[in-house]
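Participant: There's a structure below that I have some questions on.
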Amino acid sequence: MIKFKVVVAGAKNVGKTSLIRRYATGKFQISTLSTIGVDFETKKVIVDGNEVLFNIKHSSSLVC
């Protein structure tokens, strides 16, 4: 298994949580609460016959 750690950075209230959850779970929530601390999701995919695990996280209130 190949593992990647992915950090999503951006200004607050731009949709980082929605983007991560949509990719990881395939679901979209119309409204979410602001992230306090760190949000974390995992996604396992098969690429060219290899299992790849993405550990995706983001922190709240990042200033970019």
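Every chain in the structure tokens has a letter given in the order shown (A, B, ...), and although residue numbers restart at 1 in each chain, ligands are simply numbered from 1 in the order shown.
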I want to know what sits within 9 Å of Glu51 in chain A, based on only C-alpha atoms, with residues of the same chain fewer than 3 positions away left out; could you give that as a PyMOL selection string?
Facilitator: chain A and resi 1-3+44-48
Participant: Using only C-alpha atoms, which protein or nucleic acid residues come within 8 Å of range 17-20 of chain A? Drop anything in the same chain fewer than 4 positions from it, and give the result as a PDB file with C-alpha atoms, in the first residue's frame.
Facilitator:
ATOM      1  CA  ALA A  24     -13.541  11.088   0.873  1.00  0.00           C
ATOM      2  CA  PHE A  28     -22.152  16.720   0.233  1.00  0.00           C
ATOM      3  CA  GLN A  29     -23.672  18.564   3.163  1.00  0.00           C
ATOM      4  CA  THR A  32     -21.373  22.602   7.940  1.00  0.00           C
ATOM      5  CA  THR A  35     -13.857  23.647  11.808  1.00  0.00           C
ATOM      6  CA  ASP A  39     -10.490  18.024  10.316  1.00  0.00           C
ATOM      7  CA  GLU A  41     -10.513  12.179   6.434  1.00  0.00           C
ATOM      8  CA  ILE A  56      -6.255  14.300   4.169  1.00  0.00           C
ATOM      9  CA  LYS A  57      -6.418  17.033   6.800  1.00  0.00           C
ATOM     10  CA  HIS A  58      -6.866  20.737   7.168  1.00  0.00           C
TER      11      HIS A  58
END
Participant: Go through range 2-60 of chain A and collect every residue that DSSP, computed from the backbone, puts in strand (DSSP E or B); the answer should be as a ChimeraX atom specification.
Facilitator: /A:2-8,38-47,50-59
Participant: Can you spit out the residues from that selection as a PDB file, in the first residue's frame, using C-alpha atoms?
Facilitator:
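And here's out28.pdb as it stands now:
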ATOM      1  CA  ILE A   2       1.233   3.480  -0.901  1.00  0.00           C
ATOM      2  CA  LYS A   3       0.393   6.212   1.616  1.00  0.00           C
ATOM      3  CA  PHE A   4       0.181   9.976   1.116  1.00  0.00           C
ATOM      4  CA  LYS A   5      -0.426  12.736   3.613  1.00  0.00           C
ATOM      5  CA  VAL A   6      -2.295  15.668   2.095  1.00  0.00           C
ATOM      6  CA  VAL A   7      -2.735  19.051   3.754  1.00  0.00           C
ATOM      7  CA  VAL A   8      -5.407  21.385   2.393  1.00  0.00           C
ATOM      8  CA  VAL A  38      -8.131  19.960  12.609  1.00  0.00           C
ATOM      9  CA  ASP A  39     -10.490  18.024  10.316  1.00  0.00           C
ATOM     10  CA  PHE A  40      -9.276  14.638   9.073  1.00  0.00           C
ATOM     11  CA  GLU A  41     -10.513  12.179   6.434  1.00  0.00           C
ATOM     12  CA  THR A  42      -9.054   9.146   4.695  1.00  0.00           C
ATOM     13  CA  LYS A  43      -9.632   7.858   1.174  1.00  0.00           C
ATOM     14  CA  LYS A  44      -8.454   4.553  -0.270  1.00  0.00           C
ATOM     15  CA  VAL A  45      -8.259   4.197  -4.059  1.00  0.00           C
ATOM     16  CA  ILE A  46      -6.773   1.747  -6.558  1.00  0.00           C
ATOM     17  CA  VAL A  47      -4.321   3.248  -9.065  1.00  0.00           C
ATOM     18  CA  ASN A  50      -1.894  -0.497  -6.421  1.00  0.00           C
ATOM     19  CA  GLU A  51      -3.814   0.425  -3.294  1.00  0.00           C
ATOM     20  CA  VAL A  52      -3.252   4.086  -2.381  1.00  0.00           C
ATOM     21  CA  LEU A  53      -4.295   5.624   0.928  1.00  0.00           C
ATOM     22  CA  PHE A  54      -4.730   9.387   1.244  1.00  0.00           C
ATOM     23  CA  ASN A  55      -4.712  10.887   4.748  1.00  0.00           C
ATOM     24  CA  ILE A  56      -6.255  14.300   4.169  1.00  0.00           C
ATOM     25  CA  LYS A  57      -6.418  17.033   6.800  1.00  0.00           C
ATOM     26  CA  HIS A  58      -6.866  20.737   7.168  1.00  0.00           C
ATOM     27  CA  SER A  59      -6.735  23.231   9.961  1.00  0.00           C
TER      28      SER A  59
END
Participant: Using DSSP secondary structure from the backbone, list all alpha helix (DSSP H) positions within chain A, as a list in words.
Facilitator: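 Everything in chain A that counts as alpha helix (DSSP H) is Lys16, Thr17, Ser18, Leu19, Ile20, Arg21, Arg22, Tyr23, Ala24 and Thr25 of chain A.
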Participant: Dump C-alpha atoms for the selected residues as a PDB file, in the first residue's frame?
Facilitator:
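Below is the file that was written, again12.pdb:
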ATOM      1  CA  LYS A  16     -12.120  23.114   2.545  1.00  0.00           C
ATOM      2  CA  THR A  17     -14.226  20.837   4.748  1.00  0.00           C
ATOM      3  CA  SER A  18     -16.863  20.384   2.031  1.00  0.00           C
ATOM      4  CA  LEU A  19     -14.206  19.574  -0.569  1.00  0.00           C
ATOM      5  CA  ILE A  20     -12.480  17.016   1.655  1.00  0.00           C
ATOM      6  CA  ARG A  21     -15.714  15.315   2.745  1.00  0.00           C
ATOM      7  CA  ARG A  22     -17.080  15.190  -0.805  1.00  0.00           C
ATOM      8  CA  TYR A  23     -13.909  13.495  -2.065  1.00  0.00           C
ATOM      9  CA  ALA A  24     -13.541  11.088   0.873  1.00  0.00           C
ATOM     10  CA  THR A  25     -17.171  10.043   1.353  1.00  0.00           C
TER      11      THR A  25
END
